[in-house]
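Participant: I am sharing start-v3.txt, which consists of compact mmCIF, C-alpha atoms:
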# COMPACT_ATOMS: atom_id res chain seq x y z
CA MET A 1 174.87 61.58 162.49
CA SER A 2 178.05 61.76 160.45
CA ILE A 3 180.16 64.90 160.53
CA ALA A 4 179.37 65.59 156.90
CA ALA A 5 175.65 65.06 157.34
CA SER A 6 175.70 67.28 160.37
CA ALA A 7 177.64 69.93 158.44
CA ARG A 8 175.04 69.79 155.69
CA SER A 9 172.07 69.98 157.96
CA THR A 10 173.66 72.79 159.96
CA LEU A 11 174.17 74.68 156.74
CA VAL A 12 170.54 74.18 155.80
CA ARG A 13 169.35 75.20 159.28
CA ALA A 14 171.57 78.24 159.22
CA SER A 15 170.40 79.42 155.84
CA LYS A 16 166.80 78.95 156.93
CA ALA A 17 167.46 80.98 160.04
CA SER A 18 168.97 83.70 157.92
CA SER A 19 165.97 83.77 155.60
CA VAL A 20 163.65 84.02 158.56
CA ARG A 21 165.62 86.96 159.86
CA ALA A 22 165.67 88.55 156.45
CA LEU A 23 161.94 88.21 156.02
CA GLY A 24 160.59 88.78 159.48
CA GLY A 25 163.32 90.73 161.20
CA LEU A 26 163.46 88.09 163.94
CA THR A 27 166.59 87.57 165.91
CA ALA A 28 167.96 84.08 165.82
CA VAL A 29 171.10 82.56 167.27
CA ARG A 30 173.50 81.84 164.47
CA THR A 31 175.19 78.49 164.32
CA LYS A 32 178.94 78.80 164.12
CA TYR A 33 180.55 76.15 161.97
CA THR A 34 183.56 74.36 163.36
CA LEU A 35 186.23 72.12 161.90
CA PRO A 36 185.06 68.50 162.25
CA ASP A 37 187.43 65.97 163.82
CA LEU A 38 189.62 64.16 161.31
CA PRO A 39 188.81 60.44 161.78
CA TYR A 40 192.54 59.42 161.56
CA ASP A 41 196.02 60.91 162.08
CA PHE A 42 197.60 63.26 159.55
CA GLY A 43 200.18 60.60 158.64
CA ALA A 44 197.67 57.75 158.46
CA LEU A 45 197.14 57.92 154.70
CA GLU A 46 200.86 57.66 153.86
CA PRO A 47 202.43 56.85 151.50
CA HIS A 48 199.46 57.70 149.30
CA ILE A 49 198.80 61.15 150.77
CA SER A 50 201.61 62.65 152.83
CA GLY A 51 201.19 63.79 156.42
CA GLN A 52 202.26 67.30 155.44
CA ILE A 53 199.52 67.53 152.82
CA MET A 54 196.89 66.23 155.24
CA GLU A 55 197.93 68.61 158.00
CA THR A 56 197.98 71.68 155.74
CA HIS A 57 194.82 70.64 153.96
CA TYR A 58 192.86 70.11 157.18
CA THR A 59 194.26 72.70 159.60
CA LYS A 60 194.74 75.49 157.05
CA HIS A 61 192.56 75.04 153.98
CA HIS A 62 189.50 73.50 155.59
CA GLN A 63 189.81 75.90 158.53
CA THR A 64 189.83 78.84 156.10
CA TYR A 65 186.55 77.64 154.56
CA VAL A 66 185.04 77.28 158.04
CA ASN A 67 186.17 80.80 158.96
CA GLY A 68 184.97 82.05 155.59
CA ILE A 69 181.45 80.67 155.94
CA ASN A 70 181.14 82.00 159.50
CA ASP A 71 182.35 85.40 158.38
CA ALA A 72 180.07 85.48 155.32
CA GLN A 73 177.13 84.38 157.44
CA GLU A 74 177.73 87.19 159.92
CA LYS A 75 177.97 89.75 157.13
CA PHE A 76 174.82 88.31 155.55
CA ALA A 77 172.93 88.73 158.82
CA ALA A 78 174.18 92.28 159.19
CA ALA A 79 173.50 93.30 155.58
CA SER A 80 170.54 95.63 155.35
CA SER A 81 169.70 95.59 151.66
CA PRO A 82 168.83 92.65 149.39
CA ALA A 83 171.59 93.80 147.02
CA GLU A 84 174.19 93.44 149.78
CA LYS A 85 172.88 89.98 150.63
CA VAL A 86 172.95 88.85 147.00
CA GLU A 87 176.53 90.09 146.81
CA LEU A 88 177.42 87.74 149.68
CA THR A 89 175.88 84.59 148.21
CA SER A 90 178.99 83.86 146.16
CA LEU A 91 181.11 83.83 149.35
CA ILE A 92 178.55 81.66 151.13
CA LYS A 93 178.53 79.19 148.27
CA PHE A 94 182.31 79.11 148.02
CA HIS A 95 183.17 78.78 151.70
CA GLY A 96 180.06 76.79 152.61
CA GLY A 97 180.77 74.48 149.67
CA GLY A 98 184.40 74.14 150.76
CA HIS A 99 183.28 73.16 154.25
CA VAL A 100 180.73 70.62 153.02
CA ASN A 101 183.05 69.12 150.38
CA HIS A 102 186.02 68.67 152.72
CA SER A 103 183.80 67.22 155.48
CA LEU A 104 182.57 64.58 153.03
CA PHE A 105 186.10 63.98 151.70
CA TRP A 106 187.76 63.24 155.06
CA GLU A 107 185.11 60.64 155.77
CA ASN A 108 185.41 58.89 152.44
CA LEU A 109 189.12 58.35 153.03
CA SER A 110 190.64 55.84 155.42
CA PRO A 111 194.07 54.32 156.14
CA THR A 112 194.80 51.09 154.26
CA SER A 113 195.20 49.42 157.67
CA LYS A 114 191.50 50.09 158.21
CA ALA A 115 188.87 50.34 155.48
CA GLY A 116 191.05 52.18 152.94
CA GLY A 117 191.18 50.56 149.53
CA ALA A 118 189.00 47.55 150.37
CA PRO A 119 186.56 47.23 147.44
CA PRO A 120 182.86 47.98 147.94
CA SER A 121 180.48 45.11 148.50
CA GLY A 122 176.72 44.53 148.38
CA LYS A 123 174.36 46.85 146.53
CA LEU A 124 176.93 49.56 145.83
CA SER A 125 179.28 47.04 144.26
CA GLU A 126 176.42 45.67 142.13
CA ALA A 127 175.43 49.16 141.03
CA ILE A 128 179.02 49.98 140.04
CA ASN A 129 179.31 46.75 138.04
CA ASP A 130 175.96 47.38 136.36
CA THR A 131 177.05 50.87 135.36
CA TRP A 132 180.72 50.45 134.44
CA GLY A 133 181.24 46.70 134.12
CA SER A 134 183.71 46.53 137.01
CA LEU A 135 185.29 48.57 139.79
CA ASP A 136 188.37 49.08 137.62
CA GLY A 137 186.13 50.23 134.78
CA PHE A 138 184.64 52.83 137.10
CA LYS A 139 188.03 53.95 138.43
CA GLY A 140 189.28 54.46 134.87
CA LYS A 141 186.31 56.69 133.99
CA MET A 142 186.58 58.60 137.26
CA ASN A 143 190.30 59.22 136.75
CA THR A 144 189.66 60.48 133.21
CA ALA A 145 187.00 62.84 134.55
CA LEU A 146 189.33 64.07 137.30
CA ALA A 147 192.21 64.60 134.86
CA GLY A 148 189.90 66.59 132.60
CA ILE A 149 189.01 69.24 135.21
CA GLN A 150 190.22 72.58 133.85
CA GLY A 151 191.19 74.46 136.98
CA SER A 152 190.23 73.72 140.58
CA GLY A 153 187.39 71.36 141.38
CA TRP A 154 186.12 68.02 142.56
CA GLY A 155 185.12 64.70 141.07
CA TRP A 156 182.18 62.79 142.58
CA LEU A 157 180.56 59.42 142.36
CA VAL A 158 176.90 60.28 142.92
CA LYS A 159 173.56 58.51 143.13
CA ASP A 160 170.64 60.17 141.38
CA ASN A 161 167.91 60.62 144.00
CA THR A 162 165.11 59.99 141.50
CA THR A 163 166.45 57.09 139.45
CA ASN A 164 168.96 55.66 141.98
CA LYS A 165 171.45 55.44 139.09
CA LEU A 166 175.14 56.06 139.68
CA SER A 167 177.09 58.58 137.68
CA ILE A 168 180.34 60.55 137.72
CA ILE A 169 180.19 64.33 137.87
CA THR A 170 182.82 67.02 138.21
CA LEU A 171 182.17 70.42 139.75
CA PRO A 172 184.31 73.56 139.58
CA ASN A 173 185.99 75.23 142.57
CA GLN A 174 184.01 74.53 145.76
CA ASP A 175 180.59 74.11 144.17
CA PRO A 176 178.86 71.48 146.31
CA VAL A 177 176.92 68.54 144.90
CA SER A 178 173.22 69.42 144.56
CA THR A 179 171.71 67.24 147.26
CA THR A 180 168.21 67.68 145.88
CA GLN A 181 169.35 65.93 142.74
CA TYR A 182 172.10 63.62 144.00
CA THR A 183 173.51 61.77 146.98
CA PRO A 184 177.30 62.13 147.00
CA ILE A 185 178.91 58.70 147.46
CA ILE A 186 182.65 59.35 147.05
CA GLY A 187 184.36 62.70 146.48
CA ILE A 188 187.91 63.33 145.28
CA ASP A 189 189.52 66.73 145.71
CA ALA A 190 191.27 67.77 142.50
CA TRP A 191 192.50 71.15 143.74
CA GLU A 192 196.28 71.41 143.43
CA HIS A 193 196.61 71.87 147.21
CA ALA A 194 195.29 68.31 147.63
CA TYR A 195 198.38 66.76 146.02
CA TYR A 196 200.98 69.30 144.93
CA LEU A 197 203.48 68.98 147.79
CA GLN A 198 203.84 65.29 147.03
CA TYR A 199 202.91 64.78 143.38
CA LYS A 200 203.75 68.22 141.90
CA ASN A 201 202.40 68.48 138.34
CA VAL A 202 201.98 64.70 137.99
CA LYS A 203 198.39 64.67 139.12
CA ALA A 204 197.64 61.39 137.32
CA ASP A 205 199.79 59.62 139.97
CA TYR A 206 197.70 61.18 142.76
CA PHE A 207 194.47 60.04 141.09
CA LYS A 208 195.92 56.51 140.80
CA ALA A 209 197.17 56.41 144.38
CA ILE A 210 194.06 57.74 146.09
CA TRP A 211 192.11 54.55 145.43
CA ASN A 212 194.33 52.87 148.04
CA VAL A 213 192.77 55.06 150.73
CA ILE A 214 189.18 55.33 149.52
CA ASN A 215 186.74 54.28 152.24
CA TRP A 216 184.08 52.30 150.42
CA GLN A 217 182.32 51.53 153.71
CA THR A 218 181.44 55.21 153.91
CA GLY A 219 180.36 55.00 150.28
CA GLU A 220 178.07 52.06 151.03
CA LYS A 221 176.44 53.90 153.94
CA ARG A 222 175.81 56.95 151.78
CA PHE A 223 174.52 54.79 148.95
CA SER A 224 171.94 53.06 151.11
CA SER A 225 170.89 56.21 153.00
CA MET B 1 202.67 65.23 114.76
CA THR B 2 203.75 68.72 113.83
CA GLU B 3 204.59 70.84 116.80
CA ILE B 4 202.82 74.04 116.00
CA TYR B 5 203.50 75.80 119.27
CA THR B 6 206.72 75.53 121.22
CA LEU B 7 207.77 76.46 124.75
CA PRO B 8 209.32 79.93 124.74
CA PRO B 9 212.60 80.12 126.65
CA LEU B 10 212.36 81.80 130.05
CA PRO B 11 214.00 85.27 129.79
CA TYR B 12 216.03 84.62 132.99
CA ALA B 13 217.37 81.67 134.99
CA TYR B 14 215.03 79.54 137.10
CA ASP B 15 216.58 80.90 140.31
CA ALA B 16 216.61 84.53 139.17
CA LEU B 17 213.40 85.45 140.98
CA GLU B 18 214.56 84.15 144.35
CA PRO B 19 213.78 84.69 147.15
CA TYR B 20 210.32 85.78 145.99
CA ILE B 21 209.63 82.78 143.78
CA SER B 22 211.76 79.70 144.36
CA SER B 23 213.81 78.09 141.65
CA GLN B 24 211.90 74.82 142.15
CA ILE B 25 208.58 76.55 141.47
CA MET B 26 209.92 78.31 138.38
CA GLU B 27 211.39 75.14 136.92
CA LEU B 28 208.22 73.08 137.38
CA HIS B 29 205.99 75.94 136.32
CA HIS B 30 207.88 76.56 133.09
CA SER B 31 209.25 73.14 132.09
CA LYS B 32 206.21 71.10 133.22
CA HIS B 33 203.05 73.19 133.52
CA HIS B 34 203.61 75.59 130.62
CA ALA B 35 205.07 72.76 128.52
CA THR B 36 201.96 70.65 129.19
CA TYR B 37 199.61 73.43 128.04
CA ILE B 38 201.59 73.61 124.80
CA ALA B 39 201.69 69.82 124.32
CA ASN B 40 197.94 69.56 124.93
CA LEU B 41 197.24 72.54 122.66
CA ASN B 42 199.21 70.93 119.82
CA LYS B 43 197.46 67.63 120.47
CA ALA B 44 194.02 69.25 120.38
CA LEU B 45 194.86 71.09 117.16
CA SER B 46 195.95 67.83 115.56
CA SER B 47 192.44 66.35 115.98
CA PRO B 48 190.24 69.34 115.12
CA LYS B 49 187.10 67.30 114.73
CA ALA B 50 186.98 65.74 118.21
CA SER B 51 183.96 66.81 120.24
CA ASN B 52 186.04 68.49 122.96
CA THR B 53 188.58 70.22 120.71
CA GLN B 54 187.16 73.69 121.26
CA SER B 55 187.28 73.38 125.03
CA LEU B 56 190.83 71.95 124.95
CA VAL B 57 192.08 74.69 122.62
CA HIS B 58 190.44 77.34 124.78
CA PHE B 59 191.99 76.00 127.98
CA ASN B 60 195.43 75.03 126.75
CA GLY B 61 195.76 77.91 124.29
CA GLY B 62 194.81 80.27 127.10
CA GLY B 63 197.38 78.62 129.34
CA HIS B 64 200.07 79.17 126.71
CA ILE B 65 199.18 82.85 126.19
CA ASN B 66 198.84 83.65 129.89
CA HIS B 67 202.12 82.03 130.89
CA SER B 68 203.98 83.61 127.96
CA ILE B 69 202.93 87.07 129.16
CA PHE B 70 203.59 86.19 132.81
CA TRP B 71 207.24 85.13 132.32
CA ASN B 72 207.96 88.40 130.57
CA ASN B 73 206.12 90.55 133.08
CA LEU B 74 208.40 89.25 135.83
CA THR B 75 212.06 90.16 136.20
CA PRO B 76 214.80 89.69 138.80
CA ALA B 77 214.41 92.17 141.66
CA SER B 78 217.90 93.58 141.00
CA SER B 79 217.16 94.55 137.39
CA GLU B 80 216.44 98.11 136.25
CA ASP B 81 213.09 96.94 134.90
CA ALA B 82 211.96 95.98 138.43
CA LYS B 83 211.94 99.68 139.35
CA GLN B 84 208.71 101.49 138.85
CA SER B 85 210.68 104.33 137.26
CA ALA B 86 210.93 102.07 134.21
CA ALA B 87 207.22 102.78 133.59
CA PRO B 88 206.73 106.58 133.67
CA PHE B 89 203.61 106.71 131.46
CA LEU B 90 201.99 103.72 133.10
CA THR B 91 202.70 105.04 136.61
CA GLN B 92 201.06 108.33 135.70
CA ALA B 93 198.01 106.51 134.33
CA ILE B 94 197.79 104.31 137.45
CA GLU B 95 197.86 107.36 139.71
CA ARG B 96 195.22 109.03 137.59
CA GLY B 97 193.04 105.93 137.40
CA PHE B 98 193.29 104.66 140.97
CA GLY B 99 194.08 107.77 143.00
CA SER B 100 197.53 106.58 144.04
CA PHE B 101 199.87 103.70 143.42
CA SER B 102 199.21 102.40 146.90
CA ASP B 103 195.44 102.40 146.32
CA PHE B 104 196.01 100.53 143.07
CA LYS B 105 198.15 97.92 144.78
CA THR B 106 195.61 97.40 147.56
CA LYS B 107 192.85 96.93 145.03
CA PHE B 108 194.92 94.60 142.89
CA ASN B 109 195.90 92.46 145.88
CA ALA B 110 192.27 92.23 147.02
CA ALA B 111 191.22 91.10 143.54
CA LEU B 112 193.93 88.41 143.51
CA LEU B 113 192.97 87.11 146.94
CA GLY B 114 189.28 87.11 146.04
CA ILE B 115 189.68 84.57 143.24
CA GLN B 116 187.62 81.47 144.11
CA GLY B 117 189.59 78.63 142.58
CA SER B 118 192.24 78.81 139.88
CA GLY B 119 192.73 81.95 137.86
CA TRP B 120 194.67 85.09 137.10
CA GLY B 121 194.64 88.74 138.11
CA TRP B 122 195.40 91.35 135.46
CA LEU B 123 196.03 95.02 135.05
CA ILE B 124 194.45 95.74 131.68
CA VAL B 125 193.88 98.72 129.45
CA LYS B 126 190.74 99.12 127.38
CA ASP B 127 190.06 102.18 125.24
CA GLY B 128 192.88 103.95 127.04
CA LYS B 129 191.44 103.23 130.49
CA LEU B 130 193.18 101.04 133.07
CA ASP B 131 191.27 98.44 135.04
CA ILE B 132 191.86 95.44 137.29
CA ILE B 133 190.19 92.20 136.28
CA THR B 134 190.45 88.52 137.14
CA THR B 135 189.99 85.62 134.73
CA LYS B 136 189.13 82.09 135.78
CA ASP B 137 191.20 78.99 135.07
CA GLN B 138 193.13 79.74 131.85
CA ASP B 139 190.73 82.26 130.36
CA THR B 140 192.60 85.12 128.70
CA VAL B 141 191.75 88.80 129.05
CA PRO B 142 188.67 89.75 127.00
CA GLU B 143 188.82 90.89 123.39
CA GLU B 144 189.56 94.59 122.87
CA THR B 145 191.59 94.70 126.08
CA THR B 146 195.35 94.54 126.50
CA ALA B 147 196.94 92.83 129.46
CA ILE B 148 199.61 95.10 130.96
CA PHE B 149 200.74 92.47 133.44
CA GLY B 150 199.25 89.40 135.07
CA VAL B 151 199.70 87.40 138.25
CA ASP B 152 199.14 83.65 138.20
CA MET B 153 196.91 82.63 141.13
CA TRP B 154 196.85 78.92 140.39
CA GLU B 155 198.15 77.10 143.45
CA HIS B 156 201.01 75.64 141.42
CA ALA B 157 202.38 79.18 141.06
CA TYR B 158 203.22 79.48 144.76
CA TYR B 159 202.31 76.39 146.75
CA LEU B 160 205.73 74.70 147.15
CA GLN B 161 207.07 77.87 148.75
CA TYR B 162 204.09 79.60 150.35
CA LEU B 163 201.66 76.70 150.95
CA ASN B 164 198.28 78.19 151.82
CA GLY B 165 199.88 81.59 152.55
CA LYS B 166 198.93 83.14 149.26
CA ALA B 167 198.77 86.66 150.74
CA ALA B 168 202.56 86.54 151.19
CA TYR B 169 203.04 85.45 147.56
CA VAL B 170 200.82 88.31 146.41
CA GLU B 171 202.77 90.79 148.55
CA ASN B 172 206.15 89.52 147.38
CA ILE B 173 205.42 89.49 143.68
CA TRP B 174 205.55 93.29 143.59
CA ASN B 175 209.33 93.02 144.01
CA ILE B 176 209.67 91.29 140.66
CA ILE B 177 207.15 92.99 138.38
CA ASN B 178 208.81 93.98 135.12
CA TRP B 179 207.77 97.61 134.84
CA GLY B 180 209.79 98.14 131.67
CA TYR B 181 207.83 95.40 129.93
CA ALA B 182 204.55 96.67 131.40
CA GLU B 183 205.31 100.16 130.04
CA ARG B 184 205.98 98.77 126.57
CA ARG B 185 202.67 96.87 126.64
CA PHE B 186 200.88 99.99 127.86
CA THR B 187 202.32 102.03 125.02
CA GLY B 188 201.11 99.69 122.32
CA HIS B 189 203.83 97.09 121.92
CA ALA B 190 201.53 94.16 122.71
CA ASP B 191 199.09 94.94 119.93
CA GLY B 192 198.44 91.99 117.68
CA GLU B 193 200.22 89.38 119.82
CA PHE B 194 198.92 85.80 119.59
CA ARG B 195 196.44 87.04 116.99
CA GLU B 196 196.06 83.67 115.29
CA LEU B 197 195.78 81.66 118.51
CA LYS B 198 193.38 84.10 120.16
CA ALA B 199 191.05 83.81 117.20
CA MET B 200 190.84 80.06 117.87
CA LEU B 201 190.04 80.30 121.58
Step by step, read the file and then write its structure as structure tokens.
Facilitator:
Amino acid sequence: MSIAASARSTLVRASKASSVRALGGLTAVRTKYTLPDLPYDFGALEPHISGQIMETHYTKHHQTYVNGINDAQEKFAAASSPAEKVELTSLIKFHGGGHVNHSLFWENLSPTSKAGGAPPSGKLSEAINDTWGSLDGFKGKMNTALAGIQGSGWGWLVKDNTTNKLSIITLPNQDPVSTTQYTPIIGIDAWEHAYYLQYKNVKADYFKAIWNVINWQTGEKRFSS
Amino acid sequence: MTEIYTLPPLPYAYDALEPYISSQIMELHHSKHHATYIANLNKALSSPKASNTQSLVHFNGGGHINHSIFWNNLTPASSEDAKQSAAPFLTQAIERGFGSFSDFKTKFNAALLGIQGSGWGWLIVKDGKLDIITTKDQDTVPEETTAIFGVDMWEHAYYLQYLNGKAAYVENIWNIINWGYAERRFTGHADGEFRELKAML
């Protein structure tokens, strides 16, 4: 199982365990989330994403979301009233979402010396062409969507689970993609911390450059899953 | 295209807030980020019938208002205005409203660090009562409230200097709050500001 898939299923398991405890007062062993291994070195995405950005992003930001979800989960388990639990759901969504989103993101990036930047093939490629005319047509629309995010957030290429159609969505902050509705194919982090040290306010250059390190092989696997 | 809104000059040099906010941050923040909100606001206003005009005016107009207040509610640490004694009425109201200045600061810092994503933290007054609120993205403080001072919690406000260490940014910004300006806003001098633009948000 991929790191991201395992992160997702752990999150689901954990929330189920919490509900069981909440309803039945059972004691269950809580799963502690941990930072997944990065599948390449910090400097491996240079010059498109700097080693300093990758290191800070992974060891500090992602770690903070992991700590945050573990902490929120513990507080949720200890909370005695429904009101206290409801109060904690925002933290669970934020930090849990941050953990899920970053886990997916690391895996849909790759050095150009490996899969990075090589265009998609097969069914995913066909679906992109059917929807946007060409890969470049899709990239243009995705970059416009990313540039239009007002604040922190993410852009996603997603597959609708019912119709199998591709579309582009953006989500604020760390809101995760609804996996009942969609399968996330490729995610792009549009938080300032994802690019600021290298690109400063010129985020359009980051959105242009990131296509050189997009791992379409991961995208294909997700698309056909 | 007529330039309706223009970038206000910064009331101090880019390096004047060092070491608490670096000159590089201030220059980018003012000459690039704030300037872009204004450029995009003017652009949105020039095509009022586009389907996303309202959202663009709300976001970019809010960005212009928020940054305009922010520059003025900061001041070099060596200035007289950076001393809390420059805000006697406000200090009294803070102590009355929050128990003590230290309790207020703790609560304000917690609010800033609790923002999930981009946004601002504000000390506001509404019907004579002080409160701490946060606004997301470039939302401005609600109608009928006056911002006394604000702290920008977008990552671009601190990242080049503090990276992910936003708690240190939040702690350091207290050295450069312009209490003289905050006192003037508290005593009614901000009434009616940005009236026309606020009505469009």
Participant: Rounded to one decimal, what separation in Å do you get between atom CA of B:Thr146 and atom CA of B:Ala87?
Facilitator: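 It comes out at 16.1 Å.
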Participant: If I take atom CA of A:Phe94 and atom CA of B:Leu163, how far is one from the other in Å, to one decimal?
Facilitator: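 Straight-line distance from atom CA of A:Phe94 to atom CA of B:Leu163 works out to 19.7 Å.
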Participant: Using all atoms listed in the file, I'd like every residue of chain B that has an atom within 9 Å of chain A; please write them out as a compact mmCIF listing (two decimals) with C-alpha atoms, in the frame of the given file.
Facilitator:
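The resulting file, iface.txt, is reproduced below:
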# COMPACT_ATOMS: atom_id res chain seq x y z
CA LEU B 28 208.22 73.08 137.38
CA HIS B 29 205.99 75.94 136.32
CA LYS B 32 206.21 71.10 133.22
CA HIS B 33 203.05 73.19 133.52
CA LEU B 56 190.83 71.95 124.95
CA PHE B 59 191.99 76.00 127.98
CA GLN B 116 187.62 81.47 144.11
CA GLY B 117 189.59 78.63 142.58
CA SER B 118 192.24 78.81 139.88
CA GLY B 119 192.73 81.95 137.86
CA LYS B 136 189.13 82.09 135.78
CA ASP B 137 191.20 78.99 135.07
CA GLN B 138 193.13 79.74 131.85
CA TRP B 154 196.85 78.92 140.39
CA GLU B 155 198.15 77.10 143.45
CA HIS B 156 201.01 75.64 141.42
CA TYR B 159 202.31 76.39 146.75
CA LEU B 160 205.73 74.70 147.15
CA LEU B 163 201.66 76.70 150.95
CA ASN B 164 198.28 78.19 151.82
Participant: Can you work out which one of B:Val57, B:Ala110, B:Ile148, B:Leu17 has the shortest atom-to-atom distance to B:Val170, counting all atoms listed in the file?
Facilitator: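 Ranked by minimum distance to B:Val170, first place goes to B:Ala110.
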Participant: Excluding same-chain residues fewer than 5 positions from B:Tyr162, what lies within 10 Å of it counting all atoms listed in the file, as a list in words?
Facilitator: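 Surrounding residues, per the criterion: Tyr20, Ile21, Ser22, Glu155, Ala157, Ala167, Ala168 and Tyr169 of chain B.
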Participant: Please list as a PyMOL selection string every residue within 8 Å of B:Asn60, counting all atoms listed in the file and excluding residues in the same chain fewer than 6 positions away.
Facilitator: chain B and resi 37-38+40-41+138
Participant: So what do you get for atom CA of A:Gln181 versus atom CA of A:Asp160, distance-wise?
Facilitator: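 Answer for the atom CA of A:Gln181 to atom CA of A:Asp160 separation: 6.1 Å.
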Participant: Which one is closest to B:Ser79: B:Gln161, B:Arg96, B:Gln24, B:Asn175? Count all atoms listed in the file.
Facilitator: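 Ranking B:Gln161, B:Arg96, B:Gln24, B:Asn175 by distance to B:Ser79, first place goes to B:Asn175.
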Participant: Could you check which of A:Ala83, A:Val66, A:Ala147, A:Met142 is closest to A:Trp211, using all atoms listed in the file?
Facilitator: A:Met142
Participant: Quick one: residues within 9 Å of A:Ala204, only C-alpha atoms, excluding same-chain residues fewer than 4 positions away - as a list of chain:residue names?
Facilitator: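 Selected residues are A:Asn143, A:Leu146, A:Ala147, A:Tyr199, A:Lys208, A:Ala209.
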Participant: From the set A:Lys75, A:Lys93, A:Lys139, A:His102, which residue has the shortest atom-to-atom contact distance to A:Pro36, counting all atoms listed in the file?
Facilitator: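 For A:Pro36, the nearest of the given residues is A:His102.
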